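Scroll down for the structure; my scribbles are underneath it.
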Amino acid sequence: MAQISVEVRDITVLGINSGYGHLYFVFESDEGEESIISAGPAGFFPFFGDLDVYSGAPTSDERDGNGDPSDKVKGVKVLDFGERDLEDVWSLLVQHGNQVDAQGLSYVLLDQNSNSTVASLLHMAGIEVSPAIPESDLDLPGLGNLLVFDYTLVGTDSGDVIHGVGGDDTFTGQSGDDLLVGTLGDDLLYGGSGADSLDGGSGSDSLFGDDEADRLKGGSGSDTAFGGDGNDIIIVDTASDLIFEASGEGDRDLVRSNASFFELPFLTSDNDFERASLNAKAGAATLLGNEHDNTLLGNAFDNSLSGGSGDDFLKAFSGDDTLSGGSGLDKLRGQSGDDWLGLDGQDIGFGGVGQDSFEITDPAGAGVAIKDFSGLQFAAGTGESDLVVFAHAPVSGSFDYRGEAAFLADGNSQARFVSDGKIRIDNEGDGVGDFTLRISNLSLAGQLTASDFLWV
């Protein structure tokens, strides 16, 4: 059965044990054949010269290829890569070992050495360094020094895990469900086919999801993300992040925002985003839709959600939220908190728990429906009385709620109960109703008072 392990041997100088350890990798194939990745000084004298890496060299009874017998091995740790293909993992380790060798890095006896190389390759493969080191009584200088340069790595046909350190890295996942992490630097991450997870870390990164349902996160910095085919999740951290998803490249893509303000890009041939949500990290944030039929979801803080044009669905959670559907047939849900819902056309508003304000922003107002109004009489003693607000001033400074009585042509704006779930509004005070407002849970004229209405 194939396995990859880290071994440690002691270092002797002129036959004297130095107390220092030398780490290296050993791969044993299914056929029992062994190969190594081992680093050391280019020359005999270890204080000068380059750091050389021997990647994929066959082993013998000398174990690490440096002329030391196997009885000097002081510890072995078999690594756990989960479900990953060990042949493919080894090929990535060898590839990265060759890149380290090609950098011409200086060998530094107690700082940049074989142990640094092993630590860097472990980190690249997504393995935590400390638990992967064999137990021994040897000191391992250089273990905490990850080698930093611009990594360029190409994955395999299986699911790869590739991490950068601090350079401007370029990672290509190929096929398989890959995890590519840029960490620091301005990185280029290509997922390839498969359901990939790409994380740029800090820096101005470019992420390309390609096929299937990918998860793209640029991290801090001004990032650019291309979702590609499949229903992708793109996480934005700043308002300056650029996101692209062409029409037809998935119909359930989701943008998740960690930013305090983010606006979905306008619809073009390169952008076809419909759904967006606010992560908890965004806090009290603003999320704006586009011309599409958007689904916008808030978080537990005080949010402002605006749908723009299109038939939108807006849903807040806890917090005192502001929801505006814009043009189109919109559905707004405030949930808990004291929410403000802006309604026009044939919008539907659901305030939820709390003292909510339903503002009718269209003077014509026909077709607006309020699903859960709790006026003074509805909510007696609860302290959660809602308010219907009309965003246009009455003809005069007064307003009258007529109950079931007929309108009066007295120049005052007025409302009257018509039937279950309906009240009629006279904006002009001319005794003629201008539009009908639907309140689903209204059944009696006495459930409303003049104090439930406000003209502004």
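How things are named: the first chain in the structure tokens is A, the next is B, and so on; residues count from 1 in each chain; ligands count from 1 in the order shown.
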
Residues of range 100-336 of chain A in alpha helix (DSSP H), written as a list in words = Val100, Asp101, Ala102, Ser114, Asn115, Ser116, Thr117, Val118, Ala119, Ser120, Leu121, Leu122, His123 and Met124 of chain A

Could you give me, as an MDAnalysis selection string, the residues within 10 Å of Asp372 in chain A, counting only C-alpha atoms and dropping anything in the same chain fewer than 4 positions from it?
-> chainID A and resid 349:353 356 386 439:442

Residue contacts of Thr286 in chain A (7 Å, only C-alpha atoms) excluding same-chain residues fewer than 5 positions away, as a PyMOL selection string | chain A and resi 260-262+303-305

Glu87 in chain A environment, 10 Å, only C-alpha atoms, sequence neighbours closer than 3 positions dropped, as an mmCIF file with C-alpha atoms, in the first residue's frame:
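Result saved to result_10.cif:
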```cif
data_model
loop_
_atom_site.group_PDB
_atom_site.id
_atom_site.type_symbol
_atom_site.label_atom_id
_atom_site.label_comp_id
_atom_site.auth_asym_id
_atom_site.auth_seq_id
_atom_site.Cartn_x
_atom_site.Cartn_y
_atom_site.Cartn_z
ATOM 1 C CA ALA A 2 1.403 3.377 -1.044
ATOM 2 C CA GLN A 3 2.456 5.865 1.624
ATOM 3 C CA ILE A 4 4.319 9.143 2.005
ATOM 4 C CA PHE A 27 7.457 7.753 -0.973
ATOM 5 C CA GLU A 28 6.707 4.049 -1.146
ATOM 6 C CA SER A 29 4.629 2.985 -4.143
ATOM 7 C CA ASP A 30 2.058 0.194 -4.254
ATOM 8 C CA ARG A 84 -6.254 12.166 -1.976
ATOM 9 C CA TRP A 90 3.875 12.847 -4.607
ATOM 10 C CA SER A 91 4.055 14.261 -8.134
ATOM 11 C CA LEU A 92 3.122 17.709 -6.747
ATOM 12 C CA LEU A 93 5.724 17.427 -3.997
ATOM 13 C CA THR A 156 -3.123 16.584 -11.486
ATOM 14 C CA SER A 158 -7.419 14.221 -9.131
#
```

Please build the interface table for range 233-296 of chain A against range 206-225 of chain A with a cut-off of 8 Å, listing for each qualifying residue the nearest atom pair and the distance in Å to one decimal; count only C-alpha atoms, order rows by chain and increasing number, and write it as CSV.
```
residue,atom,partner,partner_atom,distance
A:Ile233,CA,A:Arg215,CA,4.7
A:Ile234,CA,A:Leu216,CA,4.7
A:Ile235,CA,A:Lys217,CA,4.7
A:Val236,CA,A:Lys217,CA,6.5
A:Asp237,CA,A:Gly219,CA,6.0
A:Thr238,CA,A:Ser222,CA,7.0
A:Ser240,CA,A:Ser222,CA,5.6
A:Asp241,CA,A:Asp223,CA,4.9
A:Leu242,CA,A:Thr224,CA,4.7
A:Ile243,CA,A:Ala225,CA,4.8
A:Phe244,CA,A:Ala225,CA,6.2
```

Could you write out that same residue set with C-alpha atoms as a PDB file, in the first residue's frame?
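For reference, out_1.pdb as written:
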```pdb
ATOM      1  CA  ILE A 233     -20.388  30.910  -5.022  1.00  0.00           C
ATOM      2  CA  ILE A 234     -18.276  34.054  -5.204  1.00  0.00           C
ATOM      3  CA  ILE A 235     -17.291  35.721  -1.934  1.00  0.00           C
ATOM      4  CA  VAL A 236     -16.409  39.417  -2.102  1.00  0.00           C
ATOM      5  CA  ASP A 237     -14.584  41.282   0.656  1.00  0.00           C
ATOM      6  CA  THR A 238     -14.471  44.831  -0.694  1.00  0.00           C
ATOM      7  CA  SER A 240     -13.810  47.191  -5.383  1.00  0.00           C
ATOM      8  CA  ASP A 241     -13.904  43.459  -6.129  1.00  0.00           C
ATOM      9  CA  LEU A 242     -14.870  42.673  -9.735  1.00  0.00           C
ATOM     10  CA  ILE A 243     -16.969  39.600 -10.479  1.00  0.00           C
ATOM     11  CA  PHE A 244     -17.966  38.043 -13.784  1.00  0.00           C
TER      12      PHE A 244
END
```
